[in-house]
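Working notes, structure below.
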Amino acid sequence: RINWKATVRVGKLQVHDFDFTSDIKLMIALNVETDEFQWANTIDEPRAERGISIAASIAQYTLEHGIETGLISNGMLVDDEENECVIEPRSSEGQVTEVFTILSKLTLVRRQTFQTMLANQVAKGLTGIDYLIVTAFVDENIEKQISLLRDGGNNVEVLFVEPVEKDGERND
């Protein structure tokens, strides 16, 4: 299992146990919502864009180190408003390009709530997945879905996207 807090602190991939990295399947779950009370459009665009950047950086790093990596997001795609934003975990040569392409097409308009997106993952019944949730917040409904993912045999870590500083001040 990946230790995300240690990875961020050290700047190098850290794991909880000694599994081979080829055994790790990572799903980055990106939330474009920045506030639990928002409707469709993202309230804090710089913060949501920081989340996209974080997701891209993590995907690039993990894929370069042979970790099967995928991406899901509740954001709407510019050229496909109907379908979910999902890339299944793989470690193929073109996976980085596919992730970057999807992230570049991601709008800051949610297609569905983050809670619903996670509930869809729970309904798939997948086990043995390392979920890294990249989000500005976690509310009670999201926490419930995180618990259900964990109960289903998955590891879930949350990476909070901090507000973007503007002229030395936090943008809260």
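In the structure tokens, each chain is lettered A, B, ... as it comes, each chain's residues begin at 1, and ligands are numbered from 1 in order of appearance.
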
Skipping near chain neighbours, those fewer than 4 positions away, what residues fall within 8 Å of segment 138-152 of chain A using only C-alpha atoms, listed as an mmCIF file with all heavy atoms, in the first residue's frame?
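Saved result, out.cif, follows:
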```
data_model
loop_
_atom_site.group_PDB
_atom_site.id
_atom_site.type_symbol
_atom_site.label_atom_id
_atom_site.label_comp_id
_atom_site.auth_asym_id
_atom_site.auth_seq_id
_atom_site.Cartn_x
_atom_site.Cartn_y
_atom_site.Cartn_z
ATOM 1 N N GLU A 36 -18.824 21.803 -0.484
ATOM 2 C CA GLU A 36 -19.937 20.860 -0.402
ATOM 3 C C GLU A 36 -21.282 21.474 -0.786
ATOM 4 O O GLU A 36 -22.243 20.757 -1.035
ATOM 5 C CB GLU A 36 -20.010 20.243 0.993
ATOM 6 C CG GLU A 36 -20.295 21.207 2.109
ATOM 7 C CD GLU A 36 -20.231 20.540 3.464
ATOM 8 O OE1 GLU A 36 -21.060 19.642 3.743
ATOM 9 O OE2 GLU A 36 -19.349 20.922 4.246
ATOM 10 N N PHE A 114 -19.503 14.065 -6.297
ATOM 11 C CA PHE A 114 -18.372 13.183 -6.001
ATOM 12 C C PHE A 114 -18.852 11.951 -5.243
ATOM 13 O O PHE A 114 -18.379 10.841 -5.472
ATOM 14 C CB PHE A 114 -17.317 13.954 -5.205
ATOM 15 C CG PHE A 114 -15.986 13.275 -5.162
ATOM 16 C CD1 PHE A 114 -15.238 13.087 -6.318
ATOM 17 C CD2 PHE A 114 -15.459 12.827 -3.966
ATOM 18 C CE1 PHE A 114 -14.009 12.455 -6.286
ATOM 19 C CE2 PHE A 114 -14.227 12.193 -3.915
ATOM 20 C CZ PHE A 114 -13.502 12.007 -5.085
ATOM 21 N N GLN A 115 -19.807 12.156 -4.372
ATOM 22 C CA GLN A 115 -20.401 11.056 -3.616
ATOM 23 C C GLN A 115 -20.977 10.009 -4.569
ATOM 24 O O GLN A 115 -20.767 8.806 -4.398
ATOM 25 C CB GLN A 115 -21.489 11.601 -2.701
ATOM 26 C CG GLN A 115 -22.407 10.550 -2.128
ATOM 27 C CD GLN A 115 -23.719 11.123 -1.646
ATOM 28 O OE1 GLN A 115 -23.844 12.306 -1.398
ATOM 29 N NE2 GLN A 115 -24.709 10.283 -1.499
ATOM 30 N N LEU A 118 -18.184 8.059 -6.332
ATOM 31 C CA LEU A 118 -17.604 7.040 -5.454
ATOM 32 C C LEU A 118 -18.576 5.877 -5.246
ATOM 33 O O LEU A 118 -18.155 4.719 -5.200
ATOM 34 C CB LEU A 118 -17.202 7.649 -4.114
ATOM 35 C CG LEU A 118 -16.033 8.635 -4.142
ATOM 36 C CD1 LEU A 118 -15.774 9.194 -2.743
ATOM 37 C CD2 LEU A 118 -14.772 8.016 -4.720
ATOM 38 N N ALA A 119 -19.870 6.171 -5.143
ATOM 39 C CA ALA A 119 -20.872 5.116 -4.995
ATOM 40 C C ALA A 119 -20.855 4.182 -6.212
ATOM 41 O O ALA A 119 -21.029 2.963 -6.070
ATOM 42 C CB ALA A 119 -22.265 5.714 -4.799
ATOM 43 N N GLN A 121 -18.206 3.456 -7.904
ATOM 44 C CA GLN A 121 -17.029 2.604 -7.697
ATOM 45 C C GLN A 121 -17.349 1.498 -6.701
ATOM 46 O O GLN A 121 -16.972 0.348 -6.905
ATOM 47 C CB GLN A 121 -15.840 3.436 -7.208
ATOM 48 C CG GLN A 121 -15.252 4.356 -8.257
ATOM 49 C CD GLN A 121 -14.601 3.575 -9.382
ATOM 50 O OE1 GLN A 121 -13.658 2.838 -9.176
ATOM 51 N NE2 GLN A 121 -15.117 3.757 -10.584
ATOM 52 N N VAL A 122 -18.061 1.831 -5.634
ATOM 53 C CA VAL A 122 -18.465 0.830 -4.637
ATOM 54 C C VAL A 122 -19.319 -0.242 -5.310
ATOM 55 O O VAL A 122 -19.121 -1.447 -5.079
ATOM 56 C CB VAL A 122 -19.228 1.488 -3.462
ATOM 57 C CG1 VAL A 122 -19.859 0.438 -2.555
ATOM 58 C CG2 VAL A 122 -18.301 2.414 -2.669
ATOM 59 N N GLY A 125 -17.845 -3.287 -7.007
ATOM 60 C CA GLY A 125 -17.378 -4.380 -6.175
ATOM 61 C C GLY A 125 -15.900 -4.708 -6.328
ATOM 62 O O GLY A 125 -15.485 -5.830 -6.051
ATOM 63 N N LEU A 126 -15.107 -3.752 -6.765
ATOM 64 C CA LEU A 126 -13.678 -3.983 -6.937
ATOM 65 C C LEU A 126 -12.984 -4.106 -5.591
ATOM 66 O O LEU A 126 -13.376 -3.456 -4.622
ATOM 67 C CB LEU A 126 -13.051 -2.832 -7.732
ATOM 68 C CG LEU A 126 -13.631 -2.572 -9.131
ATOM 69 C CD1 LEU A 126 -13.024 -1.313 -9.711
ATOM 70 C CD2 LEU A 126 -13.390 -3.756 -10.036
ATOM 71 N N THR A 127 -11.942 -4.933 -5.530
ATOM 72 C CA THR A 127 -11.151 -5.069 -4.313
ATOM 73 C C THR A 127 -9.676 -4.959 -4.664
ATOM 74 O O THR A 127 -9.279 -5.140 -5.813
ATOM 75 C CB THR A 127 -11.396 -6.426 -3.622
ATOM 76 O OG1 THR A 127 -11.006 -7.466 -4.518
ATOM 77 C CG2 THR A 127 -12.843 -6.597 -3.225
ATOM 78 N N VAL A 156 -7.881 3.408 0.915
ATOM 79 C CA VAL A 156 -8.298 4.743 0.490
ATOM 80 C C VAL A 156 -7.532 5.787 1.297
ATOM 81 O O VAL A 156 -7.536 5.750 2.524
ATOM 82 C CB VAL A 156 -9.818 4.970 0.680
ATOM 83 C CG1 VAL A 156 -10.226 6.338 0.166
ATOM 84 C CG2 VAL A 156 -10.629 3.867 0.000
#
```

Need to verify the contact set: Ile72 of chain A, 10 Å, only C-alpha atoms, exclusion of same-chain residues closer than 6 positions in sequence. Can you return it as a VMD selection string? chain A and resid 27 to 31 84 to 89 99 102 to 103 117 to 118 121 131 133

Report as a list in words: the residues of segment 7-103 of chain A with a DSSP assignment of strand (DSSP E), based on the backbone of this structure.
->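 Checking each residue of segment 7-103 of chain A, the strand (DSSP E) ones are Lys25, Leu26, Met27, Ile28, Ala29, Leu30, Glu68, Thr69, Gly70, Leu71, Ile72, Ser73, Gly75, Met76, Leu77, Cys85, Val86, Ile87, Glu88, Pro89 and Arg90 of chain A.
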
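Nearest residue to Gly153 of chain A, choosing from A:Trp39, A:Asp130, A:Ala55, A:Val32 and counting only C-alpha atoms: A:Asp130.
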
| query | atom CA of Leu26 of chain A to atom CA of Thr101 of chain A: how many Å, to one decimal? | reply |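 Going from atom CA of Leu26 of chain A over to atom CA of Thr101 of chain A covers 18.2 Å.
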
Q) So, counting only C-alpha atoms, which residue among A:Ile2, A:Ile54, A:Leu108, A:Leu159 is closest to Lys25 of chain A? A)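 Comparing A:Ile2, A:Ile54, A:Leu108, A:Leu159 against Lys25 of chain A, the winner is A:Ile2.
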
Worksheet item: Between A:Ala56, A:Val10, A:Ala48, A:Leu77, which is the closest to Thr107 of chain A once you count only C-alpha atoms?
Response: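 For Thr107 of chain A, the nearest of the given residues is A:Leu77.
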
Shortest contact to Val96 of chain A, candidates A:Thr42, A:Thr62, A:Thr135, A:Thr34, atoms counted only C-alpha atoms, goes to A:Thr62

Query - Among the residues A:Ile129, A:Val134, A:Val158, A:Val109, the one that comes closest to Ile24 of chain A [using only C-alpha atoms] - result: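 Going through A:Ile129, A:Val134, A:Val158, A:Val109 one by one, the smallest distance to Ile24 of chain A is for A:Ile129.
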
Helix (DSSP H, G or I) residues, from DSSP on the backbone, in segment 23-171 of chain A, as JSON, numbers by chain
{"A": [23, 45, 46, 47, 48, 49, 50, 51, 52, 53, 54, 55, 56, 57, 58, 59, 60, 61, 62, 63, 64, 95, 96, 97, 98, 99, 100, 101, 102, 103, 104, 105, 114, 115, 116, 117, 118, 119, 120, 121, 122, 123, 124, 140, 141, 142, 143, 144, 145, 146, 147, 148, 149, 150, 151]}

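Using only C-alpha atoms, the shortest contact distance between Lys105 of chain A and any of A:Ile67, A:Asn41, A:Lys124, A:Ile52 is found at A:Ile52.
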
In Å and to one decimal, atom CA of Glu157 of chain A is distant from atom CA of Ser73 of chain A by 15.6 Å

- Item | Point-to-point distance in Å for atom CA of Thr97 of chain A and atom CA of Glu165 of chain A |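 It comes out at 29.4 Å.
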